[in-house]
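Heads up, the thing below is written out as structure tokens.
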Amino acid sequence: MKKTLLQFNSKLYLLKIICLLMLVNTKIQAQCLIGTPVGATITPVLTFSLQVHGANAPMYYDFPAQAGINYTFTYCQGGGSYVGDPYLTITNSLNVAQASNDDFCSLGSNIYWSCNATGPHRIVLSGCCPCSNHPGGTLAYRADGLIIPAVPCAGAPDPNSVITPSFQICPGSSIIASLANTYTVNGITYAWQFSTVSAVGPWTAINNATLTSYTTTPLFVPTFYSAIITCTNSNQSIVATTASVNIALTTTNTVPYFEGFEAIGMNNMLPNCSWSSTGTGGACQTFTAGTTGNRTARSGNKFGVFNSSTGTFYSNGIQLNSGITYSTSLWFKTDVAGVGLNWKNLAISAGPAQSAAGQVTVCETNGVAISGAYKLLSNTFTVGSSGMYYFGVSASYSGSGAPYLTWDDFEIIAPCQLNPSSLVISSPVSTICAGQPIVLAVSGSANSFSWNNGSTGNLITAYPSVNTTYVVTATSTLTGCLNTASKLIVVNPLPVVSILTNNQSLCQGSSANLLAVGANTYLWSNGSAGAGLSVSPLVSTTYSVYGTNNFGCSSTTSQLINVSPLPVVTAVSVPSSICKGEGSTLVASGAANYAWNSTNNYIQGGQVNVSPTASTMYTLTGTINGCTSTAFVSVIVYECVGINSLSSNSNNLKVYPNPSSSEITVELKKDGIYKIELIDVTGKVVLVKSTEEEKLNLNINFLSNGVYYLKAKSQNTMNVVKIIKN
């Protein structure tokens, strides 16, 4: 049978939930740890002392205890007496049970306890079921040793620190803050203080908190405690090291949810501070022993019990979502099988708060709930709207028969077979080229993903090189169910493109032919299309081509064309002007190999001697790394009429001093106007003068050191003299 809950979305209900969580103290221990003080601190001595008290709610006496001394608290000896069924519990300063007893002598209680830590302790008096009302009586108590008297204090008290529970407490709970060390001197006073801000304050003094321990008021926020400890004799004080109390936060869960009570620490504790009940420790109980009387756990060692009274356990908030079919179940049994019909209407309900208001039954026995062995109670249901729901487990008790209804292993799941989920892998395309990235995205209700290529997440990028099927396994956010999806990605091959060339190394100005193969269409990096390409690079250049096959897939390859520069060749004739019959030297530079060409000559070498009979132009061809360049140089040949050779002096021309560093004197035979030219070895005219004088001074200071030729030409004669500038 499937049931649907009503939608509850009200701020009023939310406020009620918060208030309930703050007010309910679910940390109930197996022994009674609560009560009110009924008198001053008592001090056990070697003989029995008596305390008479009437019926009342749970109560306690504080008493000092010293390690190594044995203490007795009893209704069964030493003048003790009782009515009804009293229960005794000893706790330390941290409100942790040290010893307890019920029914030592008939219904009377007796504790014989050895102290293992010196400090303040407490004897709690309650009824037979822990923390029920005390029936009254006379308590007898004593110690088998005496506390050693302390000496007066002096100076500042020894350092000390505050001890508080190390575990989180439930909102609204109280704890005992105590000091780690007990002073063995007299005259020590204590002033407790607290802060809800930080471990260094600001601090608020606690009125009337002057003992070695302090029982707090109900706490709802994290709180820090410290104590100012003073020696009254010296009026010197120290501040005890701070300790904090942590408050448990609200607990919520999602489906799947399971509760087997295995996390509870003591009897009558609920699974966490966010659980509650209508009668914990009375109608609604929990136990930590696998077998307690006729009550047993179904799994593990812990379980819940309805004890001879109608009650309800309420879970913490559990997130449920509309559109999901849930299943809830628990296992139950009674300790007296088949006797009476006193347990009825065991039910699981759900609603917006931990109260009967708004709870809707989703699973019930519809009558008696009697079974000698564990029996399953289960059903499926849905909710009308998504939100936080609180589950109630309740049972009705009437008449006599089985006093206990035990239950265990409460569960809420979303069965996968009832909640088929869709998981889809999508991608922009399903066919790609090898090595191309493909983005795969998963859609559907899921919060964790695992792919067959090792990736995680709902969005991945893959680079398949062959046809590949991608499979993802995901967990549904709403149901916790696993689901898988797959998608085939078809991968087309890339073309294998290569470049053929007739020449990989060129001289500057030459050309090479490139041919691309391996694809159907081609595009070159210089923008040209087609398989062939002719290039004439000026420098070494890499040419790339993109080839595309019939699948539309492309790949690229490159070819480097090395370009060697042309040599910069120069040619010089020394001298560049000669008289007929004289020689000149041709000098080449800028290459590795040289060849000289003229009309009648072909000479190889970087420096050659020539003796042309007429002015001649020489062509120099220089070669390096297989690349050539040319240069030109001339040798001017003069008839040099009237003289047989170039000399520094002749009958018609005298030059002195020769060599000279700054100035020379030229003497001429009178023959009209002379044109004087000074020529360097390259044939360049560096100075020109005209004169009718027979003697002429020339400044050659501006010339570079070397060989020059002075030519003096008149209407009838021409004379040439070699001079040296130094």
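The chains in the structure tokens are called A, B, ... from first to last as shown; in each chain the residues are counted from 1, and the ligands are counted from 1 in the order shown.
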
**Report entry** Polymer residues at most 7 Å from segment 543-546 of chain A, only C-alpha atoms, same-chain spacing of 5 or more positions, as number ranges by chain
**Finding:** A: 522-525, 554-560

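The protein and nucleic acid residues lying at most 12 Å from Asn492 of chain A are Ser430, Thr431, Ile432, Cys433, Ala434, Gly435, Gln436, Pro464, Ser465, Val466, Asn467, Thr468, Thr548, Asn549, Asn550, Phe551, Gly552, Cys553 and Ser554 of chain A, with only C-alpha atoms considered and sequence neighbours fewer than 4 positions away removed.
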
Grab the residues selected above and save them as a PDB file, in the first residue's frame with C-alpha atoms.
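Okay, selection_2.pdb is ready:
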```pdb
ATOM      1  CA  SER A 430      29.614  11.938 -32.494  1.00  0.00           C
ATOM      2  CA  THR A 431      32.295  11.769 -35.216  1.00  0.00           C
ATOM      3  CA  ILE A 432      35.670  13.478 -34.918  1.00  0.00           C
ATOM      4  CA  CYS A 433      39.140  13.322 -36.402  1.00  0.00           C
ATOM      5  CA  ALA A 434      41.909  11.458 -34.564  1.00  0.00           C
ATOM      6  CA  GLY A 435      43.394  13.534 -31.745  1.00  0.00           C
ATOM      7  CA  GLN A 436      40.592  16.101 -31.818  1.00  0.00           C
ATOM      8  CA  PRO A 464      40.386   9.499 -28.673  1.00  0.00           C
ATOM      9  CA  SER A 465      42.646   8.252 -31.480  1.00  0.00           C
ATOM     10  CA  VAL A 466      40.413   5.328 -32.510  1.00  0.00           C
ATOM     11  CA  ASN A 467      36.689   4.545 -32.291  1.00  0.00           C
ATOM     12  CA  THR A 468      35.902   4.599 -28.551  1.00  0.00           C
ATOM     13  CA  THR A 548      42.834  17.411 -45.859  1.00  0.00           C
ATOM     14  CA  ASN A 549      41.466  13.960 -46.704  1.00  0.00           C
ATOM     15  CA  ASN A 550      37.986  12.860 -47.796  1.00  0.00           C
ATOM     16  CA  PHE A 551      36.841  12.645 -44.127  1.00  0.00           C
ATOM     17  CA  GLY A 552      37.540  16.341 -43.696  1.00  0.00           C
ATOM     18  CA  CYS A 553      40.446  15.566 -41.351  1.00  0.00           C
ATOM     19  CA  SER A 554      43.657  17.560 -41.679  1.00  0.00           C
TER      20      SER A 554
END
```

Report task. Please run DSSP on the backbone and report, as an MDAnalysis selection string, all residues within segment 415-515 of chain A that come out as strand (DSSP E or B). Result -> chainID A and resid 424:426 431:433 438:443 448:451 456 459:462 468:475 482:492 498:501 505:507 512:515

Report task. Tell me, as a ChimeraX atom specification, which residues lie within 10 Å of segment 74-85 of chain A, counting only C-alpha atoms; anything in the same chain fewer than 5 positions away does not count. Result -> /A:47-55,101-112,126-129,133-142

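For the choices A:Ser166, A:Thr223, A:Asn301, A:Thr682, the atom-to-atom distance to Gly706 of chain A is smallest for A:Thr682 when using only C-alpha atoms.
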